[in-house]
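Listing of model37.txt; format and content: compact mmCIF, C-alpha atoms.
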```txt
# COMPACT_ATOMS: atom_id res chain seq x y z
CA MET A 1 164.38 116.04 108.91
CA THR A 2 162.83 114.09 111.78
CA VAL A 3 159.54 115.97 111.55
CA ALA A 4 159.49 115.49 107.80
CA ALA A 5 160.19 111.77 108.18
CA GLU A 6 157.45 111.36 110.78
CA GLY A 7 155.02 113.11 108.50
CA SER A 8 155.98 111.27 105.35
CA PRO A 9 153.11 109.61 103.46
CA ALA A 10 154.71 106.15 103.66
CA LEU A 11 155.04 106.34 107.46
CA LEU A 12 151.51 107.66 107.84
CA ARG A 13 150.13 104.84 105.69
CA SER A 14 152.08 102.28 107.74
CA ARG A 15 150.67 103.67 110.99
CA ALA A 16 147.15 103.70 109.52
CA ARG A 17 147.46 100.04 108.45
CA ARG A 18 148.80 99.07 111.87
CA LYS A 19 145.94 100.89 113.62
CA ALA A 20 143.38 99.29 111.31
CA LEU A 21 144.91 95.86 112.00
CA LEU A 22 144.73 96.37 115.76
CA GLN A 23 141.10 97.46 115.45
CA SER A 24 140.08 94.54 113.23
CA GLU A 25 137.61 91.99 114.60
CA SER A 26 139.95 89.05 114.10
CA VAL A 27 142.77 90.62 116.11
CA GLN A 28 140.41 91.77 118.85
CA GLY A 29 138.83 88.31 118.96
CA PHE A 30 142.23 86.64 119.26
CA ALA A 31 143.24 89.07 122.00
CA LEU A 32 140.02 88.18 123.81
CA ILE A 33 140.48 84.41 123.68
CA SER A 34 144.27 84.28 123.93
CA PRO A 35 144.40 84.20 127.78
CA THR A 36 141.85 81.37 127.87
CA PHE A 37 143.61 79.61 125.02
CA LEU A 38 146.98 79.79 126.77
CA TYR A 39 145.40 78.64 130.04
CA ALA A 40 143.80 75.63 128.31
CA LEU A 41 147.03 74.93 126.44
CA ILE A 42 148.98 74.79 129.69
CA LEU A 43 146.40 72.57 131.40
CA LEU A 44 145.92 70.17 128.47
CA VAL A 45 149.10 70.08 126.45
CA LEU A 46 151.67 70.39 129.23
CA PRO A 47 150.51 67.26 131.14
CA ILE A 48 150.53 65.28 127.88
CA LEU A 49 154.07 66.43 127.15
CA VAL A 50 155.13 65.36 130.65
CA VAL A 51 153.59 61.91 130.13
CA VAL A 52 155.24 61.56 126.71
CA ALA A 53 158.61 62.57 128.19
CA HIS A 54 158.28 60.01 130.99
CA SER A 55 157.52 57.26 128.46
CA PHE A 56 161.08 57.52 127.10
CA TRP A 57 162.74 57.25 130.52
CA THR A 58 163.45 54.34 132.85
CA GLN A 59 162.41 53.74 136.45
CA HIS A 60 165.13 52.58 138.84
CA TYR A 61 163.42 51.96 142.17
CA LEU A 62 162.73 55.48 143.49
CA THR A 63 164.72 57.34 140.87
CA ILE A 64 164.13 57.95 137.16
CA ASP A 65 166.89 57.57 134.60
CA ARG A 66 166.27 60.23 131.94
CA THR A 67 168.34 58.45 129.31
CA PHE A 68 166.31 58.09 126.11
CA THR A 69 164.99 54.56 125.57
CA LEU A 70 162.19 52.77 123.67
CA GLU A 71 162.15 49.81 126.05
CA ASN A 72 158.86 50.88 127.63
CA TYR A 73 157.14 50.91 124.23
CA ARG A 74 158.62 47.51 123.41
CA ILE A 75 157.10 46.13 126.61
CA ALA A 76 153.77 47.87 125.99
CA LEU A 77 153.45 46.51 122.46
CA THR A 78 154.96 43.03 122.79
CA GLU A 79 154.13 41.79 126.29
CA PRO A 80 151.08 39.51 125.94
CA ILE A 81 149.37 40.80 129.08
CA TYR A 82 149.38 44.44 127.94
CA ARG A 83 148.56 43.56 124.34
CA ASP A 84 145.57 41.47 125.44
CA LEU A 85 144.36 44.19 127.81
CA LEU A 86 144.62 46.79 125.07
CA TRP A 87 142.66 44.74 122.55
CA ARG A 88 140.04 43.91 125.17
CA SER A 89 139.71 47.60 126.02
CA LEU A 90 139.30 48.55 122.35
CA TYR A 91 136.72 45.79 121.88
CA ILE A 92 134.74 46.91 124.93
CA SER A 93 134.95 50.56 123.90
CA LEU A 94 133.76 49.91 120.33
CA THR A 95 130.98 47.59 121.49
CA VAL A 96 129.76 50.04 124.12
CA SER A 97 129.88 52.93 121.62
CA PHE A 98 127.77 51.21 118.99
CA LEU A 99 125.35 49.65 121.49
CA THR A 100 124.87 53.03 123.13
CA VAL A 101 124.19 54.74 119.80
CA ILE A 102 121.82 51.97 118.69
CA LEU A 103 119.85 52.32 121.94
CA ALA A 104 120.06 56.12 122.05
CA TYR A 105 119.03 56.87 118.46
CA PRO A 106 115.38 55.71 118.76
CA ILE A 107 114.98 57.71 121.97
CA ALA A 108 116.46 60.85 120.42
CA PHE A 109 114.34 60.31 117.28
CA PHE A 110 111.15 59.99 119.32
CA ILE A 111 111.87 63.13 121.33
CA SER A 112 112.79 65.15 118.25
CA PHE A 113 109.94 64.07 115.95
CA HIS A 114 107.20 63.14 118.41
CA GLY A 115 108.07 65.01 121.60
CA GLY A 116 106.05 68.07 120.65
CA ARG A 117 106.04 70.77 123.28
CA HIS A 118 107.24 68.27 125.89
CA LYS A 119 110.76 67.88 124.43
CA GLY A 120 112.32 69.73 127.32
CA LEU A 121 110.50 67.49 129.81
CA TRP A 122 111.71 64.34 128.05
CA LEU A 123 115.31 65.56 128.10
CA PHE A 124 114.92 66.47 131.76
CA LEU A 125 113.68 62.97 132.60
CA ILE A 126 116.60 61.40 130.72
CA THR A 127 119.13 63.33 132.78
CA ILE A 128 117.58 62.50 136.18
CA PRO A 129 119.54 59.22 136.70
CA PHE A 130 122.74 61.15 136.05
CA TRP A 131 122.18 63.39 139.05
CA THR A 132 123.60 60.59 141.17
CA SER A 133 127.26 59.67 141.47
CA TYR A 134 128.83 57.64 138.67
CA LEU A 135 130.20 55.28 141.32
CA LEU A 136 126.70 54.78 142.74
CA ARG A 137 125.32 53.90 139.30
CA VAL A 138 128.07 51.32 138.80
CA MET A 139 127.38 49.85 142.22
CA SER A 140 123.67 49.62 141.39
CA TRP A 141 124.51 47.39 138.43
CA LYS A 142 126.62 45.27 140.74
CA VAL A 143 123.51 44.79 142.86
CA ILE A 144 121.37 44.02 139.80
CA LEU A 145 123.79 41.50 138.26
CA GLY A 146 125.06 39.98 141.53
CA TYR A 147 124.71 36.34 142.64
CA ASN A 148 121.75 37.23 144.86
CA GLY A 149 120.90 40.30 142.82
CA VAL A 150 117.70 41.57 141.26
CA LEU A 151 118.14 39.80 137.92
CA ASN A 152 118.95 36.40 139.39
CA SER A 153 116.06 36.68 141.85
CA GLY A 154 113.67 37.63 139.05
CA LEU A 155 114.78 34.75 136.79
CA MET A 156 114.43 32.30 139.68
CA GLY A 157 111.01 33.68 140.52
CA LEU A 158 109.88 33.13 136.92
CA GLY A 159 111.22 29.59 137.00
CA ILE A 160 113.70 30.23 134.17
CA ILE A 161 116.70 29.15 136.26
CA GLY A 162 116.84 26.88 139.26
CA GLU A 163 119.74 28.54 141.08
CA PRO A 164 121.55 31.90 140.88
CA SER A 165 123.86 32.26 137.90
CA THR A 166 127.45 33.35 138.34
CA ALA A 167 127.78 34.32 134.66
CA LEU A 168 126.12 37.73 134.99
CA LEU A 169 128.84 39.49 136.95
CA TYR A 170 132.63 39.82 136.89
CA ASN A 171 133.13 39.43 133.15
CA THR A 172 133.35 41.49 129.97
CA SER A 173 129.58 41.44 129.45
CA ALA A 174 128.97 43.06 132.83
CA VAL A 175 131.42 45.85 131.95
CA ILE A 176 129.70 46.42 128.59
CA ILE A 177 126.21 46.54 130.13
CA THR A 178 127.27 48.93 132.88
CA LEU A 179 129.16 51.29 130.56
CA THR A 180 126.32 51.30 128.02
CA HIS A 181 123.89 52.48 130.67
CA ALA A 182 126.35 54.93 132.19
CA TRP A 183 126.97 56.75 128.89
CA ALA A 184 123.47 56.54 127.37
CA ALA A 185 122.49 60.16 128.03
CA PHE A 186 125.75 61.41 126.56
CA ALA A 187 124.81 59.71 123.29
CA ILE A 188 121.15 60.80 123.28
CA LEU A 189 121.86 64.54 123.55
CA PRO A 190 124.16 65.02 120.50
CA ILE A 191 121.94 62.81 118.35
CA PHE A 192 118.88 64.81 119.44
CA VAL A 193 120.59 68.09 118.57
CA SER A 194 121.53 66.73 115.14
CA LEU A 195 117.98 65.51 114.50
CA GLU A 196 116.58 68.88 115.47
CA LYS A 197 118.60 70.44 112.64
CA VAL A 198 117.15 68.09 110.00
CA ASP A 199 114.95 70.05 107.59
CA ARG A 200 111.48 68.49 107.82
CA THR A 201 110.60 69.71 104.32
CA LEU A 202 113.23 67.35 102.90
CA ILE A 203 111.48 64.42 104.54
CA GLU A 204 108.14 65.59 103.15
CA ALA A 205 109.71 65.93 99.70
CA ALA A 206 111.06 62.38 99.90
CA LYS A 207 107.58 61.11 100.78
CA ASP A 208 106.03 63.10 97.91
CA LEU A 209 108.52 61.45 95.56
CA GLY A 210 107.33 58.01 96.63
CA ASP A 211 109.70 57.08 99.48
CA GLY A 212 108.16 55.17 102.34
CA PRO A 213 108.98 55.90 106.01
CA LEU A 214 111.93 53.48 106.06
CA ARG A 215 113.39 54.62 102.76
CA SER A 216 113.06 58.32 103.62
CA PHE A 217 114.70 57.64 106.98
CA LEU A 218 117.63 55.82 105.39
CA ARG A 219 118.10 58.34 102.57
CA VAL A 220 117.33 61.62 104.36
CA THR A 221 117.09 61.52 108.15
CA LEU A 222 119.95 59.14 108.94
CA PRO A 223 122.57 60.74 106.63
CA LEU A 224 121.68 64.25 107.82
CA SER A 225 121.96 63.15 111.46
CA ALA A 226 125.38 61.53 110.86
CA PRO A 227 127.26 64.39 112.64
CA GLY A 228 125.29 63.65 115.81
CA VAL A 229 125.98 59.94 115.49
CA ILE A 230 129.70 60.60 115.01
CA SER A 231 129.76 62.91 118.03
CA ALA A 232 127.93 60.35 120.17
CA ILE A 233 130.33 57.56 119.18
CA LEU A 234 133.39 59.67 119.95
CA ILE A 235 131.94 60.99 123.21
CA VAL A 236 131.39 57.41 124.39
CA MET A 237 134.37 55.67 122.78
CA ILE A 238 137.21 57.85 124.00
CA PRO A 239 136.39 57.92 127.75
CA THR A 240 135.36 54.25 127.99
CA VAL A 241 138.80 53.07 126.84
CA GLY A 242 140.29 54.80 129.86
CA ASP A 243 137.66 53.73 132.38
CA TYR A 244 139.12 51.78 135.29
CA VAL A 245 136.39 52.13 137.94
CA THR A 246 133.77 50.03 136.14
CA PRO A 247 136.10 47.10 135.28
CA ARG A 248 137.39 47.06 138.83
CA LEU A 249 133.90 46.91 140.37
CA VAL A 250 131.99 44.66 137.96
CA GLY A 251 134.63 43.23 135.63
CA GLY A 252 136.63 40.87 137.78
CA LYS A 253 139.69 39.21 136.24
CA ASP A 254 137.90 38.69 132.92
CA GLY A 255 136.87 42.34 132.61
CA VAL A 256 140.13 44.11 133.44
CA MET A 257 141.01 46.86 130.96
CA ILE A 258 144.20 48.67 130.01
CA ALA A 259 143.35 51.58 132.31
CA ASN A 260 143.61 49.24 135.30
CA ALA A 261 147.14 48.28 134.21
CA ILE A 262 148.07 51.94 133.76
CA GLN A 263 146.69 52.78 137.20
CA ALA A 264 148.68 49.91 138.70
CA GLN A 265 151.92 51.13 137.09
CA PHE A 266 151.42 54.66 138.38
CA GLY A 267 150.29 53.32 141.76
CA LYS A 268 151.47 50.10 143.36
CA ALA A 269 154.18 49.26 140.83
CA ALA A 270 155.57 52.83 140.93
CA ASN A 271 156.78 52.45 137.34
CA TRP A 272 155.76 55.78 135.85
CA PRO A 273 157.67 55.41 132.55
CA LEU A 274 155.94 52.13 131.69
CA GLY A 275 152.59 53.57 132.74
CA ALA A 276 153.28 56.61 130.56
CA ALA A 277 154.19 54.37 127.59
CA LEU A 278 150.97 52.41 128.02
CA SER A 279 149.03 55.67 128.18
CA VAL A 280 150.64 57.13 125.05
CA THR A 281 150.18 53.87 123.14
CA THR A 282 146.52 53.70 124.09
CA MET A 283 145.97 57.35 123.22
CA PHE A 284 147.60 56.91 119.81
CA ILE A 285 145.59 53.79 118.94
CA VAL A 286 142.32 55.36 120.12
CA THR A 287 143.04 58.41 117.96
CA LEU A 288 143.51 56.18 114.91
CA MET A 289 140.38 54.22 115.78
CA ALA A 290 138.32 57.40 116.22
CA GLY A 291 139.57 58.78 112.89
CA ALA A 292 138.73 55.52 111.11
CA THR A 293 135.25 55.51 112.66
CA VAL A 294 134.57 59.07 111.51
CA PHE A 295 135.80 58.25 107.99
CA ILE A 296 133.65 55.11 107.73
CA ILE A 297 130.46 56.80 108.98
CA ARG A 298 130.91 59.82 106.71
CA SER A 299 131.56 57.57 103.73
CA ALA A 300 128.46 55.52 104.54
CA ALA A 301 126.38 58.70 104.87
CA ARG A 302 127.58 59.93 101.45
CA LEU A 303 126.75 56.58 99.86
CA ALA A 304 123.28 56.60 101.47
CA ARG A 305 122.53 59.92 99.77
```
Any chance you could give the structure as structure tokens?
Amino acid sequence: MTVAAEGSPALLRSRARRKALLQSESVQGFALISPTFLYALILLVLPILVVVAHSFWTQHYLTIDRTFTLENYRIALTEPIYRDLLWRSLYISLTVSFLTVILAYPIAFFISFHGGRHKGLWLFLITIPFWTSYLLRVMSWKVILGYNGVLNSGLMGLGIIGEPSTALLYNTSAVIITLTHAWAAFAILPIFVSLEKVDRTLIEAAKDLGDGPLRSFLRVTLPLSAPGVISAILIVMIPTVGDYVTPRLVGGKDGVMIANAIQAQFGKAANWPLGAALSVTTMFIVTLMAGATVFIIRSAARLAR
């Protein structure tokens, strides 16, 4: 009976299907990436879950009360200081993102369409400033924008101003300028990759149909490079919201961002639950803002076509 059962056609077909499934490319591919996927899941998702859990607890001096509460979110969303810092951070992040893309697009366009065989050299030259430390690049802007810095000295030498200006440093504008320069290369590269994928014959066809350079750019090149623009905006927008080094060094009291408040809660204030609530709130709002940006740019690209 056992031998007959083991050799039954139904059992043989079931074993054959199971063997074929194990030998399929999809299963083998999943088995190949599953250790890496689990490793990344632990490193990325687990810390976020810990932060989210802390945001619903309460800090009592050196101990944490794990009783569920929404008080931290009430403080994060209603306290004027945190609300103002959050809106300022979103404003700086959006401004830096769009300024960076506006400055990066012409450079990426030139390299892609006019770089010729020297495209690799141009990309190499763009990355040279980023061989140095991020902190050093921020400090260099502090030297440039400082009271006795390069810019003030140059303006005084040209006779434009009579004495050094204090309006160049320790404000929101200084943070925007520094972050725009710091993230420029990260916007150029994805836009360049997207422009490289644009079919040149489509541009030639647009010209043959009577479109001028500007019209063909707006109707063909720009919409087709929209994925690179979206990537560049997201690459710049998301990290700049959480930047706390640049505001601390060149922002002063008028350039403080939400990340500085979060760092203070996790540091000197030792109020991890409130810091976690501020972090989760910022992350949620940035996610909504990034999704809205992607939707708007894609809609504009479709309308341009």
Pick out the closest residue to Pro164 of chain A from this set: A:Ile191, A:Leu145, A:Val229, A:Ile176. Count all atoms listed in the file.
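Among the listed residues, the smallest separation from Pro164 of chain A belongs to A:Leu145.
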Do you have the atom CA of Thr172 of chain A-atom CA of Pro129 of chain A distance handy?
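Atom-to-atom, atom CA of Thr172 of chain A and atom CA of Pro129 of chain A are spaced 23.5 Å apart.
Interatomic distance, atom CA of Trp131 of chain A against atom CA of Ala184 of chain A: 13.6 Å.
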Please list as a PyMOL selection string every residue within 9 Å of segment 64-69 of chain A, counting all atoms listed in the file and excluding residues in the same chain fewer than 5 positions away.
chain A and resi 53-59+272-273
Separation of atom CA of Met289 of chain A from atom CA of Leu135 of chain A in Å
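One can read the atom CA of Leu135 of chain A to atom CA of Met289 of chain A distance as 27.5 Å.
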From A:Leu155, A:Phe217, A:Val241, A:Thr36, residue lying nearest Pro106 of chain A [all atoms listed in the file]
A:Phe217
With 10 Å as the threshold, what does the neighbourhood of (121.6, 65.5, 120.2) contain in terms of residues, counting only C-alpha atoms? Coordinates are those of the file; answer as an mmCIF file with C-alpha atoms, keeping the file's coordinate frame.
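Below is the file that was written, result09.cif:
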```
data_model
loop_
_atom_site.group_PDB
_atom_site.id
_atom_site.type_symbol
_atom_site.label_atom_id
_atom_site.label_comp_id
_atom_site.auth_asym_id
_atom_site.auth_seq_id
_atom_site.Cartn_x
_atom_site.Cartn_y
_atom_site.Cartn_z
ATOM 1 C CA ALA A 104 120.060 56.120 122.050
ATOM 2 C CA TYR A 105 119.030 56.870 118.460
ATOM 3 C CA ALA A 108 116.460 60.850 120.420
ATOM 4 C CA PHE A 109 114.340 60.310 117.280
ATOM 5 C CA SER A 112 112.790 65.150 118.250
ATOM 6 C CA ALA A 185 122.490 60.160 128.030
ATOM 7 C CA PHE A 186 125.750 61.410 126.560
ATOM 8 C CA ALA A 187 124.810 59.710 123.290
ATOM 9 C CA ILE A 188 121.150 60.800 123.280
ATOM 10 C CA LEU A 189 121.860 64.540 123.550
ATOM 11 C CA PRO A 190 124.160 65.020 120.500
ATOM 12 C CA ILE A 191 121.940 62.810 118.350
ATOM 13 C CA PHE A 192 118.880 64.810 119.440
ATOM 14 C CA VAL A 193 120.590 68.090 118.570
ATOM 15 C CA SER A 194 121.530 66.730 115.140
ATOM 16 C CA LEU A 195 117.980 65.510 114.500
ATOM 17 C CA GLU A 196 116.580 68.880 115.470
ATOM 18 C CA LYS A 197 118.600 70.440 112.640
ATOM 19 C CA SER A 225 121.960 63.150 111.460
ATOM 20 C CA PRO A 227 127.260 64.390 112.640
ATOM 21 C CA GLY A 228 125.290 63.650 115.810
ATOM 22 C CA VAL A 229 125.980 59.940 115.490
ATOM 23 C CA SER A 231 129.760 62.910 118.030
ATOM 24 C CA ALA A 232 127.930 60.350 120.170
#
```
Considering all atoms listed in the file, state which residue in the set A:Leu168, A:Tyr73, A:Arg137, A:Trp87 is at the smallest distance from Asn152 of chain A.
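So, comparing all the options, the nearest one is A:Leu168.
The protein and nucleic acid residues lying at most 10 Å from Asp199 of chain A are Leu195, Glu196, Leu202, Ile203, Glu204, Val220, Thr221 and Leu224 of chain A, with all atoms listed in the file considered and sequence neighbours fewer than 3 positions away removed.
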Hey, what's within 7 Å of Tyr244 of chain A if we count all atoms listed in the file and toss same-chain stuff fewer than 5 positions away? As a PDB file with C-alpha atoms, in the coordinates of the input, please?
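What landed in out-v7.pdb:
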```pdb
ATOM      1  CA  MET A 257     141.010  46.860 130.960  1.00  0.00           C
ATOM      2  CA  ALA A 259     143.350  51.580 132.310  1.00  0.00           C
ATOM      3  CA  ASN A 260     143.610  49.240 135.300  1.00  0.00           C
TER       4      ASN A 260
END
```
Among the residues A:Thr293, A:Ala174, A:Ile233, A:Ser153, the one that comes closest to Val101 of chain A [using all atoms listed in the file]
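The answer is A:Ile233, which sits nearest to Val101 of chain A.
Closest approach to Leu179 of chain A among A:Phe295, A:Tyr61, A:Tyr134, A:Phe266: A:Tyr134, based on all atoms listed in the file.
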